[in-house]
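See below for query-v6.pdb, which holds PDB, C-alpha atoms.
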ATOM      1  CA  MET J 313      67.309 127.238 102.203
ATOM      2  CA  SER J 314      70.472 126.431 104.016
ATOM      3  CA  VAL J 315      71.598 125.376 107.441
ATOM      4  CA  THR J 316      75.183 126.290 108.247
ATOM      5  CA  LEU J 317      76.684 124.486 111.235
ATOM      6  CA  VAL J 318      79.220 126.406 113.309
ATOM      7  CA  ASN J 319      81.580 125.901 116.238
ATOM      8  CA  PRO J 320      82.437 129.514 117.114
ATOM      9  CA  GLU J 321      85.832 130.508 118.431
ATOM     10  CA  GLY J 322      85.892 130.600 122.224
ATOM     11  CA  LEU J 323      83.662 127.514 122.638
ATOM     12  CA  PRO J 324      84.619 123.830 122.740
ATOM     13  CA  LYS J 325      84.680 122.098 119.364
ATOM     14  CA  PRO J 326      82.961 118.735 119.880
ATOM     15  CA  GLU J 327      83.226 116.100 117.168
ATOM     16  CA  VAL J 328      79.703 114.701 117.511
ATOM     17  CA  TYR J 329      77.696 117.941 117.329
ATOM     18  CA  ARG J 330      78.008 121.639 116.536
ATOM     19  CA  GLN J 331      77.417 124.482 118.960
ATOM     20  CA  LEU J 332      74.945 126.289 116.706
ATOM     21  CA  SER J 333      73.299 126.414 113.343
ATOM     22  CA  VAL J 334      72.430 129.406 111.222
ATOM     23  CA  ALA J 335      69.366 128.699 109.114
ATOM     24  CA  THR J 336      67.766 130.637 106.299
ATOM     25  CA  GLY J 337      64.450 129.708 104.793
ATOM     26  CA  SER J 338      60.794 130.542 104.913
ATOM     27  CA  LYS J 339      59.222 127.761 106.951
ATOM     28  CA  LEU J 340      60.016 126.794 110.541
ATOM     29  CA  VAL J 341      59.171 123.201 111.387
ATOM     30  CA  PHE J 342      58.769 122.006 114.966
ATOM     31  CA  LEU J 343      58.680 118.220 114.915
ATOM     32  CA  ALA J 344      57.168 116.348 117.841
ATOM     33  CA  GLY J 345      59.430 113.916 119.625
ATOM     34  CA  GLN J 346      59.973 110.804 117.538
ATOM     35  CA  VAL J 347      60.191 107.431 119.234
ATOM     36  CA  ALA J 348      61.059 103.872 118.263
ATOM     37  CA  ARG J 349      57.867 102.990 116.406
ATOM     38  CA  ASP J 350      57.493 101.847 112.806
ATOM     39  CA  SER J 351      54.925 103.310 110.404
ATOM     40  CA  ASP J 352      52.228 101.040 111.870
ATOM     41  CA  GLY J 353      53.013 102.108 115.446
ATOM     42  CA  ARG J 354      54.744  98.854 116.367
ATOM     43  CA  PRO J 355      57.710  99.001 118.774
ATOM     44  CA  VAL J 356      61.194  98.799 117.250
ATOM     45  CA  GLY J 357      64.297  97.717 119.153
ATOM     46  CA  ASP J 358      62.794  96.367 122.363
ATOM     47  CA  GLY J 359      65.446  96.963 125.032
ATOM     48  CA  ASP J 360      68.044  97.931 122.377
ATOM     49  CA  PHE J 361      69.095 101.546 122.897
ATOM     50  CA  ALA J 362      71.086 101.847 119.635
ATOM     51  CA  ALA J 363      68.210 100.387 117.583
ATOM     52  CA  GLN J 364      65.773 102.823 119.176
ATOM     53  CA  VAL J 365      68.058 105.793 118.462
ATOM     54  CA  GLU J 366      68.340 104.656 114.844
ATOM     55  CA  GLN J 367      64.545 104.421 114.479
ATOM     56  CA  CYS J 368      64.045 107.871 116.026
ATOM     57  CA  TYR J 369      66.420 109.443 113.499
ATOM     58  CA  LEU J 370      64.776 107.553 110.630
ATOM     59  CA  ASN J 371      61.377 108.815 111.814
ATOM     60  CA  VAL J 372      62.645 112.406 111.916
ATOM     61  CA  ALA J 373      63.804 112.045 108.304
ATOM     62  CA  THR J 374      60.506 110.422 107.261
ATOM     63  CA  ALA J 375      58.464 113.195 108.853
ATOM     64  CA  LEU J 376      60.494 115.905 107.130
ATOM     65  CA  ALA J 377      60.324 114.117 103.767
ATOM     66  CA  GLY J 378      56.544 114.103 104.141
ATOM     67  CA  ILE J 379      56.508 117.909 103.948
ATOM     68  CA  GLY J 380      59.175 118.303 101.286
ATOM     69  CA  GLY J 381      62.153 118.572 103.609
ATOM     70  CA  SER J 382      65.053 116.362 104.595
ATOM     71  CA  PHE J 383      67.332 115.692 107.536
ATOM     72  CA  ASP J 384      69.688 118.289 106.053
ATOM     73  CA  ASP J 385      67.063 120.921 106.987
ATOM     74  CA  VAL J 386      67.343 120.136 110.701
ATOM     75  CA  ALA J 387      68.621 123.138 112.639
ATOM     76  CA  LYS J 388      68.557 121.541 116.115
ATOM     77  CA  LEU J 389      67.795 118.249 117.849
ATOM     78  CA  THR J 390      66.766 117.546 121.415
ATOM     79  CA  ILE J 391      67.390 113.989 122.579
ATOM     80  CA  TYR J 392      65.696 112.628 125.689
ATOM     81  CA  VAL J 393      67.279 109.477 127.132
ATOM     82  CA  VAL J 394      65.830 107.384 129.944
ATOM     83  CA  ASP J 395      68.362 106.894 132.758
ATOM     84  CA  TRP J 396      71.175 108.592 130.843
ATOM     85  CA  SER J 397      74.747 107.788 131.801
ATOM     86  CA  PRO J 398      77.985 108.461 129.896
ATOM     87  CA  GLU J 399      78.304 104.714 129.289
ATOM     88  CA  LYS J 400      75.401 105.034 126.821
ATOM     89  CA  MET J 401      77.332 107.440 124.559
ATOM     90  CA  PRO J 402      78.835 104.687 122.330
ATOM     91  CA  LEU J 403      75.368 103.181 121.790
ATOM     92  CA  LEU J 404      73.956 106.609 120.983
ATOM     93  CA  GLY J 405      76.723 107.065 118.426
ATOM     94  CA  GLU J 406      76.090 103.603 116.996
ATOM     95  CA  GLY J 407      72.390 104.285 116.478
ATOM     96  CA  VAL J 408      73.027 107.706 114.948
ATOM     97  CA  GLY J 409      75.712 106.244 112.694
ATOM     98  CA  ARG J 410      73.452 103.461 111.413
ATOM     99  CA  ALA J 411      70.659 105.933 110.652
ATOM    100  CA  ALA J 412      73.110 108.297 108.926
ATOM    101  CA  ALA J 413      74.397 105.454 106.753
ATOM    102  CA  LYS J 414      70.860 104.442 105.739
ATOM    103  CA  LEU J 415      69.858 108.036 105.006
ATOM    104  CA  GLY J 416      73.130 109.114 103.406
ATOM    105  CA  ILE J 417      73.322 112.190 105.634
ATOM    106  CA  ASP J 418      75.710 113.967 107.962
ATOM    107  CA  PRO J 419      73.929 113.630 111.324
ATOM    108  CA  VAL J 420      76.056 116.242 113.102
ATOM    109  CA  LYS J 421      73.685 118.963 114.358
ATOM    110  CA  PRO J 422      73.417 121.163 117.409
ATOM    111  CA  ILE J 423      71.869 118.939 120.074
ATOM    112  CA  THR J 424      70.647 119.116 123.599
ATOM    113  CA  LEU J 425      70.882 115.771 125.403
ATOM    114  CA  LEU J 426      68.659 115.338 128.438
ATOM    115  CA  GLY J 427      68.490 112.444 130.863
ATOM    116  CA  VAL J 428      64.918 111.749 131.959
ATOM    117  CA  ALA J 429      63.289 109.345 134.401
ATOM    118  CA  ALA J 430      60.769 108.013 131.882
ATOM    119  CA  LEU J 431      59.076 108.687 128.558
ATOM    120  CA  GLY J 432      55.436 108.317 127.488
ATOM    121  CA  GLU J 433      55.474 104.512 127.295
ATOM    122  CA  PRO J 434      57.493 102.084 129.427
ATOM    123  CA  ASP J 435      59.371 100.418 126.529
ATOM    124  CA  LEU J 436      60.767 103.695 125.185
ATOM    125  CA  LEU J 437      64.443 104.388 125.901
ATOM    126  CA  VAL J 438      64.893 107.515 123.766
ATOM    127  CA  GLU J 439      62.936 110.275 122.058
ATOM    128  CA  VAL J 440      64.267 112.751 119.487
ATOM    129  CA  GLU J 441      62.599 116.036 118.584
ATOM    130  CA  ALA J 442      63.732 118.376 115.839
ATOM    131  CA  THR J 443      63.481 121.947 114.692
ATOM    132  CA  ALA J 444      64.019 122.436 110.968
ATOM    133  CA  VAL J 445      63.956 125.285 108.464
ATOM    134  CA  ILE J 446      62.847 124.508 104.915
ATOM    135  CA  GLU J 447      62.238 126.343 101.620
TER     136      GLU J 447
END
Using the file provided, produce a representation of the structure as structure tokens.
Amino acid sequence: MSVTLVNPEGLPKPEVYRQLSVATGSKLVFLAGQVARDSDGRPVGDGDFAAQVEQCYLNVATALAGIGGSFDDVAKLTIYVVDWSPEKMPLLGEGVGRAAAKLGIDPVKPITLLGVAALGEPDLLVEVEATAVIE
């Protein structure tokens, strides 16, 4: 299995994500949105956007490890942010960076970032869902 990340000619070349991924493998994985909850369901990072981003990424990695995959198998992420504004970008990067350091991974993937009015519970500031290809 491999996921190759690409910024094709003719499109912008962002530093924090890639425009597309080309994945080969035998199993598609559609991971439900991960939120800032620990393994017992307790909230993590109350009011702290970067801490919640970090926990979401850690949860994505934990879920994939549970089926024999890893964050490296992620082909695409969708990130939902409550009341998104460009001023939140440094905190998003901080949370992603902390998770990447803990996991020892390159977190750069194709992403879609969506600003939303609210998530499923009032304390949630961010939710991250993933599509992966493994085996």
Of the listed residues J:Arg354, J:Arg349, J:Lys339, J:Lys388, that which approaches J:Lys421 most closely, counting all atoms listed in the file
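Comparing J:Arg354, J:Arg349, J:Lys339, J:Lys388 against J:Lys421, the winner is J:Lys388.
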Could you state which residues are captured by the PyMOL selection byres ((chain J and resi 381-385) around 6) in this file, as number ranges by chain?
J: 373, 376-377, 379-380, 386, 444-446
Resulting file, chosen residues, C-alpha atoms, as a PDB file, keeping the file's coordinate frame:
ATOM      1  CA  ALA J 373      63.804 112.045 108.304  1.00  0.00           C
ATOM      2  CA  LEU J 376      60.494 115.905 107.130  1.00  0.00           C
ATOM      3  CA  ALA J 377      60.324 114.117 103.767  1.00  0.00           C
ATOM      4  CA  ILE J 379      56.508 117.909 103.948  1.00  0.00           C
ATOM      5  CA  GLY J 380      59.175 118.303 101.286  1.00  0.00           C
ATOM      6  CA  VAL J 386      67.343 120.136 110.701  1.00  0.00           C
ATOM      7  CA  ALA J 444      64.019 122.436 110.968  1.00  0.00           C
ATOM      8  CA  VAL J 445      63.956 125.285 108.464  1.00  0.00           C
ATOM      9  CA  ILE J 446      62.847 124.508 104.915  1.00  0.00           C
TER      10      ILE J 446
END
Mind dumping a table of every stretch 349-417 of chain J residue within 12 Å of stretch 319-336 of chain J, with the nearest atom pair and its distance in Å to one decimal, using all atoms listed in the file, sorted by chain and rising number, as CSV?
residue,atom,partner,partner_atom,distance
J:Asp384,CA,J:Ala335,CA,10.9
J:Asp385,CA,J:Ala335,CA,8.4
J:Val386,CA,J:Ala335,CA,8.9
J:Ala387,CA,J:Ser333,CA,5.8
J:Lys388,CA,J:Ser333,CA,7.3
J:Leu389,CA,J:Tyr329,CA,9.9
J:Thr390,CA,J:Tyr329,CA,11.7
J:Met401,CA,J:Val328,CA,10.4
J:Pro402,CA,J:Val328,CA,11.1
J:Leu404,CA,J:Val328,CA,10.5
J:Gly405,CA,J:Val328,CA,8.2
J:Glu406,CA,J:Val328,CA,11.7
J:Val408,CA,J:Val328,CA,10.0
J:Gly409,CA,J:Val328,CA,10.5
Take the residues that were just selected and, keeping C-alpha atoms, output them as a tab-separated table (two decimals), keeping the file's coordinate frame.
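New file out.tsv:
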chain	number	residue	atom	x	y	z
J	384	ASP	CA	69.69	118.29	106.05
J	385	ASP	CA	67.06	120.92	106.99
J	386	VAL	CA	67.34	120.14	110.70
J	387	ALA	CA	68.62	123.14	112.64
J	388	LYS	CA	68.56	121.54	116.12
J	389	LEU	CA	67.80	118.25	117.85
J	390	THR	CA	66.77	117.55	121.42
J	401	MET	CA	77.33	107.44	124.56
J	402	PRO	CA	78.83	104.69	122.33
J	404	LEU	CA	73.96	106.61	120.98
J	405	GLY	CA	76.72	107.06	118.43
J	406	GLU	CA	76.09	103.60	117.00
J	408	VAL	CA	73.03	107.71	114.95
J	409	GLY	CA	75.71	106.24	112.69
Given the file shown, determine the residues that the PyMOL selection byres ((chain J and resi 392) around 9) selects; report them as a short mmCIF file (atom, residue, chain, number, x, y, z; two decimals) with C-alpha atoms, keeping the file's coordinate frame.
data_model
loop_
_atom_site.label_atom_id
_atom_site.label_comp_id
_atom_site.auth_asym_id
_atom_site.auth_seq_id
_atom_site.Cartn_x
_atom_site.Cartn_y
_atom_site.Cartn_z
CA GLY J 345 59.43 113.92 119.62
CA THR J 390 66.77 117.55 121.42
CA ILE J 391 67.39 113.99 122.58
CA VAL J 393 67.28 109.48 127.13
CA VAL J 394 65.83 107.38 129.94
CA TRP J 396 71.18 108.59 130.84
CA THR J 424 70.65 119.12 123.60
CA LEU J 425 70.88 115.77 125.40
CA LEU J 426 68.66 115.34 128.44
CA GLY J 427 68.49 112.44 130.86
CA VAL J 428 64.92 111.75 131.96
CA LEU J 431 59.08 108.69 128.56
CA LEU J 437 64.44 104.39 125.90
CA VAL J 438 64.89 107.52 123.77
CA GLU J 439 62.94 110.28 122.06
CA VAL J 440 64.27 112.75 119.49
CA GLU J 441 62.60 116.04 118.58
#
Find the distance between atom CA of J:Ala362 and atom CA of J:Phe342 and write it in Å to one decimal.
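One can read the atom CA of J:Ala362 to atom CA of J:Phe342 distance as 24.1 Å.
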Computed interatomic separation between atom CA of J:Ser338 and atom CA of J:Ala411 (Å):
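Interatomic distance, atom CA of J:Ser338 to atom CA of J:Ala411: 27.1 Å.
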Quote the spacing between atom CA of J:Phe361 and atom CA of J:Ser397 in Å to one decimal place.
12.3 Å
Local residues around (63.1, 109.7, 115.5), at most 7 Å away, using all atoms listed in the file, as a PDB file with C-alpha atoms, in the coordinates of the input:
ATOM      1  CA  GLY J 345      59.430 113.916 119.625  1.00  0.00           C
ATOM      2  CA  GLN J 346      59.973 110.804 117.538  1.00  0.00           C
ATOM      3  CA  VAL J 347      60.191 107.431 119.234  1.00  0.00           C
ATOM      4  CA  ALA J 348      61.059 103.872 118.263  1.00  0.00           C
ATOM      5  CA  VAL J 365      68.058 105.793 118.462  1.00  0.00           C
ATOM      6  CA  GLN J 367      64.545 104.421 114.479  1.00  0.00           C
ATOM      7  CA  CYS J 368      64.045 107.871 116.026  1.00  0.00           C
ATOM      8  CA  TYR J 369      66.420 109.443 113.499  1.00  0.00           C
ATOM      9  CA  LEU J 370      64.776 107.553 110.630  1.00  0.00           C
ATOM     10  CA  ASN J 371      61.377 108.815 111.814  1.00  0.00           C
ATOM     11  CA  VAL J 372      62.645 112.406 111.916  1.00  0.00           C
ATOM     12  CA  GLU J 439      62.936 110.275 122.058  1.00  0.00           C
ATOM     13  CA  VAL J 440      64.267 112.751 119.487  1.00  0.00           C
TER      14      VAL J 440
END
Kindly indicate which residue among J:Thr374, J:Val315, J:Pro419, J:Asp360 lies nearest to J:Lys400, using only C-alpha atoms for the distances.
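Looking at the shortest contact to J:Lys400, the residue is J:Asp360.
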First collect every listed atom of stretch 399-410 of chain J; then fit an axis-aligned box around them, widen it by 5 Å on each side, and give centre and edge lengths in Å to one decimal, as AutoDock Vina command-line options.
--center_x 75.6 --center_y 105.4 --center_z 120.4 --size_x 16.4 --size_y 14.5 --size_z 27.9
